[in-house]
file final-v4.txt (compact mmCIF, C-alpha atoms)
# COMPACT_ATOMS: atom_id res chain seq x y z
CA MET A 164 4.36 3.17 18.54
CA VAL A 165 4.80 -0.23 16.93
CA THR A 166 7.13 -2.31 19.02
CA THR A 167 9.34 -5.09 17.78
CA SER A 168 7.67 -7.43 20.25
CA SER A 169 4.62 -7.41 17.97
CA TYR A 170 6.68 -9.28 15.36
CA SER A 171 7.53 -12.97 15.36
CA ASN A 172 11.27 -12.32 15.75
CA VAL A 173 11.97 -9.78 18.49
CA ASN A 174 15.27 -8.67 16.92
CA VAL A 175 13.91 -8.00 13.45
CA GLY A 176 11.72 -5.08 12.45
CA PRO A 177 9.20 -5.25 9.65
CA GLU A 178 10.56 -6.82 6.50
CA VAL A 179 7.43 -6.36 4.38
CA PHE A 180 4.98 -3.47 4.69
CA ILE A 181 1.61 -4.21 3.06
CA ASN A 182 -0.24 -1.14 1.77
CA PHE A 183 -3.88 -1.80 0.81
CA ARG A 184 -7.47 -0.59 1.10
CA GLY A 185 -8.70 -2.44 4.17
CA GLU A 186 -12.41 -2.25 3.47
CA GLU A 187 -11.95 -4.12 0.21
CA LEU A 188 -9.13 -6.57 0.90
CA ARG A 189 -8.55 -7.10 4.64
CA GLU A 190 -10.76 -10.18 5.03
CA ASN A 191 -9.72 -11.99 1.86
CA PHE A 192 -6.61 -11.48 -0.28
CA VAL A 193 -4.53 -9.60 2.30
CA SER A 194 -5.38 -11.90 5.20
CA HIS A 195 -4.20 -14.91 3.17
CA LEU A 196 -1.06 -13.12 1.95
CA TYR A 197 -0.22 -11.87 5.45
CA LYS A 198 -0.71 -15.32 6.98
CA ALA A 199 1.45 -16.97 4.31
CA LEU A 200 4.27 -14.46 4.81
CA ARG A 201 4.19 -14.84 8.60
CA GLN A 202 4.11 -18.66 8.38
CA SER A 203 7.19 -18.44 6.15
CA GLY A 204 9.02 -16.52 8.88
CA ILE A 205 8.74 -13.14 7.18
CA ASN A 206 7.89 -10.21 9.43
CA ALA A 207 5.03 -8.70 7.48
CA PHE A 208 3.20 -5.64 8.76
CA ILE A 209 -0.38 -4.51 8.23
CA ASP A 210 -2.17 -1.71 10.02
CA SER A 211 -3.96 -4.11 12.40
CA ASP A 212 -0.51 -4.83 13.91
CA MET A 213 -0.56 -1.35 15.43
CA VAL A 214 -1.04 -0.99 19.15
CA PRO A 215 -4.43 0.61 19.93
CA GLY A 216 -3.94 4.31 20.61
CA ASP A 217 -0.89 4.65 18.36
CA LYS A 218 -0.89 7.66 16.08
CA LEU A 219 -1.33 6.91 12.40
CA ILE A 220 1.95 8.66 11.63
CA THR A 221 3.54 5.52 13.12
CA LEU A 222 2.77 3.84 9.80
CA PHE A 223 5.30 6.14 8.10
CA LYS A 224 8.03 5.08 10.55
CA THR A 225 7.19 1.45 9.83
CA ILE A 226 7.51 2.08 6.09
CA GLU A 227 10.94 3.67 6.70
CA GLU A 228 12.08 0.58 8.64
CA SER A 229 10.78 -1.97 6.11
CA LYS A 230 12.81 -3.67 3.40
CA ILE A 231 9.96 -4.37 0.98
CA ALA A 232 6.62 -2.68 0.40
CA LEU A 233 3.73 -4.40 -1.33
CA ALA A 234 1.38 -1.75 -2.71
CA ILE A 235 -1.88 -3.53 -3.51
CA LEU A 236 -3.91 -1.28 -5.77
CA SER A 237 -7.59 -2.13 -6.13
CA SER A 238 -10.69 -0.36 -7.41
CA LYS A 239 -11.40 1.26 -4.01
CA TYR A 240 -7.77 2.01 -3.16
CA THR A 241 -8.08 5.71 -3.99
CA ALA A 242 -11.07 6.12 -1.66
CA SER A 243 -8.59 6.28 1.22
CA GLN A 244 -6.44 9.34 1.78
CA TRP A 245 -4.27 7.25 4.13
CA CYS A 246 -3.57 4.66 1.41
CA LEU A 247 -2.48 7.47 -0.88
CA GLU A 248 -0.32 9.15 1.77
CA GLU A 249 1.32 5.81 2.58
CA LEU A 250 1.97 5.31 -1.14
CA VAL A 251 3.70 8.70 -1.34
CA LYS A 252 5.91 7.68 1.61
CA ILE A 253 6.62 4.33 -0.04
CA MET A 254 7.69 6.14 -3.22
CA GLU A 255 9.94 8.49 -1.22
CA CYS A 256 11.57 5.57 0.59
CA SER A 257 12.14 3.69 -2.65
CA THR A 258 14.33 6.57 -3.79
CA ASN A 259 16.25 6.82 -0.49
CA GLY A 260 14.22 9.66 0.96
CA GLU A 261 15.22 11.19 4.27
CA GLY A 262 15.22 8.60 7.06
CA CYS A 263 14.55 5.75 4.64
CA LYS A 264 16.39 2.65 3.58
CA ASN A 265 16.40 1.66 -0.07
CA LEU A 266 12.89 0.23 -0.04
CA VAL A 267 12.02 -2.36 -2.69
CA VAL A 268 8.49 -1.74 -3.96
CA ILE A 269 6.31 -4.36 -5.60
CA PRO A 270 3.00 -3.08 -6.96
CA ILE A 271 0.16 -5.58 -7.14
CA PHE A 272 -2.83 -4.69 -9.27
CA TYR A 273 -5.71 -6.56 -7.65
CA LYS A 274 -8.54 -7.07 -10.13
CA LEU A 275 -7.54 -3.73 -11.62
CA SER A 276 -6.21 -2.89 -15.06
CA THR A 277 -3.09 -0.76 -15.20
CA SER A 278 -4.80 1.36 -17.87
CA ILE A 279 -7.48 2.35 -15.32
CA VAL A 280 -4.75 3.55 -12.98
CA ASP A 281 -2.90 5.32 -15.78
CA LYS A 282 -5.99 7.14 -17.05
CA LEU A 283 -7.64 7.48 -13.61
CA GLU A 284 -10.83 5.96 -14.98
CA GLY A 285 -13.88 4.33 -13.42
CA GLU A 286 -14.38 3.96 -9.70
CA PHE A 287 -10.61 4.32 -9.18
CA GLY A 288 -10.55 7.80 -10.76
CA VAL A 289 -13.82 8.97 -9.21
CA ASN A 290 -12.62 7.95 -5.73
CA LEU A 291 -9.38 9.86 -6.21
CA LEU A 292 -11.25 12.98 -7.24
CA ASN A 293 -13.61 12.69 -4.26
CA VAL A 294 -10.76 12.29 -1.76
CA TRP A 295 -8.92 15.22 -3.36
CA ARG A 296 -12.04 17.38 -2.91
CA GLU A 297 -12.15 16.73 0.85
CA PRO A 298 -11.23 19.79 2.90
CA GLY A 299 -7.86 20.14 4.56
CA GLY A 300 -4.33 20.72 3.38
CA ALA A 301 -3.11 22.10 0.13
CA ARG A 302 -5.31 20.35 -2.43
CA GLU A 303 -3.08 21.06 -5.40
CA SER A 304 0.07 19.62 -3.82
CA ARG A 305 -1.83 16.56 -2.57
CA ILE A 306 -3.09 15.57 -6.01
CA VAL A 307 0.34 16.13 -7.56
CA LYS A 308 2.02 13.88 -4.95
CA TRP A 309 -0.66 11.20 -5.21
CA ASN A 310 -0.52 11.15 -9.00
CA ALA A 311 3.29 10.94 -8.93
CA ALA A 312 3.10 7.97 -6.56
CA LEU A 313 0.50 6.21 -8.73
CA GLN A 314 2.60 6.85 -11.85
CA ASP A 315 5.64 5.50 -10.01
CA MET A 316 3.74 2.24 -9.41
CA LEU A 317 2.99 2.03 -13.13
CA SER A 318 6.70 2.45 -13.94
CA ARG A 319 7.69 -0.64 -11.92
CA ALA A 320 7.60 -4.33 -12.69
CA ALA A 321 4.34 -5.36 -11.08
CA LEU A 322 2.11 -8.31 -10.39
CA ILE A 323 -1.42 -8.46 -11.70
CA TYR A 324 -3.93 -10.63 -9.86
CA ASP A 325 -7.14 -11.18 -11.79
CA GLY A 326 -9.00 -12.94 -8.98
CA SER A 327 -8.94 -16.47 -10.32
CA ILE A 328 -7.20 -19.31 -8.54
CA THR A 329 -5.09 -21.15 -11.11
CA GLU A 330 -1.41 -21.68 -11.76
CA ASN A 331 -1.47 -18.68 -14.09
CA ASN A 332 -3.59 -16.28 -12.06
CA ILE A 333 -0.75 -13.88 -11.31
CA SER A 334 1.17 -12.30 -14.13
CA VAL A 335 4.18 -10.02 -14.10
CA ILE A 336 4.19 -6.87 -16.19
call {"tool": "encode", "arguments": {"input": "final-v4.txt", "output": "structure tokens"}}
result
Amino acid sequence: MVTTSSYSNVNVGPEVFINFRGEELRENFVSHLYKALRQSGINAFIDSDMVPGDKLITLFKTIEESKIALAILSSKYTASQWCLEELVKIMECSTNGEGCKNLVVIPIFYKLSTSIVDKLEGEFGVNLLNVWREPGGARESRIVKWNAALQDMLSRAALIYDGSITENNISVI
């Protein structure tokens, strides 16, 4: 279980939940974003904030308690079933799902075109298909939920980060 003592302000739960593919972004973009949020006094949460031994389902509880979710979609994002399951939970909480607050969701397309997400092309689409093919659970309902969550991200005002460091490197769509 994630305890409030793991946050900078003991009386405040997570304000920002950051959903991302760790293998691709943990040591660069996300680490800088996380550090900047924390230094600004914002209680940001990433999976490495979990206490060792906690069950992964704890992430869903943290999403429910958060005020904002940053969903950082990248080319390898769909290679993780957990990223996709978290995204489904984020979508549910953004529409006042059971046990959720009214979560504000900000999609960030990290070096990824929205058209690739929309058409499930390239590495993004191949990874999604491969994760869907993995055994376990009802495959048809999984792909429907994941696609709905991805389409929900496309329907929101989002940030696009192209990887360059300039004043204009982030655009809003």
call {"tool": "residues_around", "arguments": {"input": "final-v4.txt", "residues": "Ile205 (chain A)", "least_positions_apart": "3", "cutoff": "8 Å", "atoms": "all atoms listed in the file", "output": "PyMOL selection string"}}
result
chain A and resi 178-179+200-202
call {"tool": "write_last_selection", "arguments": {"input": "final-v4.txt", "atoms": "C-alpha atoms", "output": "PDB file, keeping the file's coordinate frame"}}
result
ATOM      1  CA  GLU A 178      10.560  -6.820   6.500  1.00  0.00           C
ATOM      2  CA  VAL A 179       7.430  -6.360   4.380  1.00  0.00           C
ATOM      3  CA  LEU A 200       4.270 -14.460   4.810  1.00  0.00           C
ATOM      4  CA  ARG A 201       4.190 -14.840   8.600  1.00  0.00           C
ATOM      5  CA  GLN A 202       4.110 -18.660   8.380  1.00  0.00           C
TER       6      GLN A 202
END
call {"tool": "atom_distance", "arguments": {"input": "final-v4.txt", "atom1": "CA of Glu249 (chain A)", "atom2": "CA of Ser278 (chain A)"}}
result
21.8 Å
call {"tool": "atom_distance", "arguments": {"input": "final-v4.txt", "atom1": "CA of Phe183 (chain A)", "atom2": "CA of Leu222 (chain A)"}}
result
12.5 Å
call {"tool": "atom_distance", "arguments": {"input": "final-v4.txt", "atom1": "CA of Leu247 (chain A)", "atom2": "CA of His195 (chain A)"}}
result
22.8 Å
call {"tool": "closest_residue", "arguments": {"input": "final-v4.txt", "among": "A:Leu317, A:Lys198, A:Arg184, A:Leu233", "to": "Ile271 (chain A)", "atoms": "all atoms listed in the file"}}
result
A:Leu233
call {"tool": "residues_near_point", "arguments": {"input": "final-v4.txt", "point": "(-9.9, -6.4, -7.2)", "cutoff": "12 Å", "atoms": "only C-alpha atoms", "output": "PyMOL selection string"}}
result
chain A and resi 183-184+186-189+191-193+235-240+271-277+286-287+323-327
call {"tool": "closest_residue", "arguments": {"input": "final-v4.txt", "among": "A:Leu292, A:Ala321, A:Ile226, A:Ile181", "to": "Ser257 (chain A)", "atoms": "only C-alpha atoms"}}
result
A:Ile226
call {"tool": "closest_residue", "arguments": {"input": "final-v4.txt", "among": "A:Thr241, A:Arg296, A:Ala311, A:Gly285", "to": "Ile253 (chain A)", "atoms": "all atoms listed in the file"}}
result
A:Ala311
call {"tool": "residues_around", "arguments": {"input": "final-v4.txt", "residues": "Asn259 (chain A)", "least_positions_apart": "5", "cutoff": "12 Å", "atoms": "all atoms listed in the file", "output": "count of residues only"}}
result
11
call {"tool": "axis_aligned_box", "arguments": {"input": "final-v4.txt", "around": "region 290-296 of chain A", "padding_each_side": "4 Å", "output": "JSON"}}
result
{"center_x": -11.3, "center_y": 12.7, "center_z": -4.5, "size_x": 12.7, "size_y": 17.4, "size_z": 13.5}
call {"tool": "closest_residue", "arguments": {"input": "final-v4.txt", "among": "A:Cys263, A:Val294, A:Val289, A:Ala234", "to": "Asp315 (chain A)", "atoms": "all atoms listed in the file"}}
result
A:Ala234
call {"tool": "residues_around", "arguments": {"input": "final-v4.txt", "residues": "Asp210 (chain A)", "least_positions_apart": "2", "cutoff": "10 Å", "atoms": "all atoms listed in the file", "output": "CSV table (one decimal) with C-alpha atoms, in the coordinates of the input"}}
result
chain,number,residue,atom,x,y,z
A,165,VAL,CA,4.8,-0.2,16.9
A,180,PHE,CA,5.0,-3.5,4.7
A,181,ILE,CA,1.6,-4.2,3.1
A,182,ASN,CA,-0.2,-1.1,1.8
A,183,PHE,CA,-3.9,-1.8,0.8
A,185,GLY,CA,-8.7,-2.4,4.2
A,189,ARG,CA,-8.6,-7.1,4.6
A,208,PHE,CA,3.2,-5.6,8.8
A,212,ASP,CA,-0.5,-4.8,13.9
A,213,MET,CA,-0.6,-1.4,15.4
A,214,VAL,CA,-1.0,-1.0,19.2
A,219,LEU,CA,-1.3,6.9,12.4
A,221,THR,CA,3.5,5.5,13.1
A,222,LEU,CA,2.8,3.8,9.8
A,225,THR,CA,7.2,1.4,9.8
call {"tool": "residues_around", "arguments": {"input": "final-v4.txt", "residues": "Ser304 (chain A)", "least_positions_apart": "5", "cutoff": "12 Å", "atoms": "all atoms listed in the file", "output": "number ranges by chain"}}
result
A: 248, 251, 295, 299, 309-311
call {"tool": "closest_residue", "arguments": {"input": "final-v4.txt", "among": "A:Ala312, A:Ala232, A:Ala207, A:Leu283", "to": "Gly176 (chain A)", "atoms": "all atoms listed in the file"}}
result
A:Ala207
call {"tool": "closest_residue", "arguments": {"input": "final-v4.txt", "among": "A:Pro177, A:Pro215, A:Pro270, A:Gly262", "to": "Ser318 (chain A)", "atoms": "all atoms listed in the file"}}
result
A:Pro270
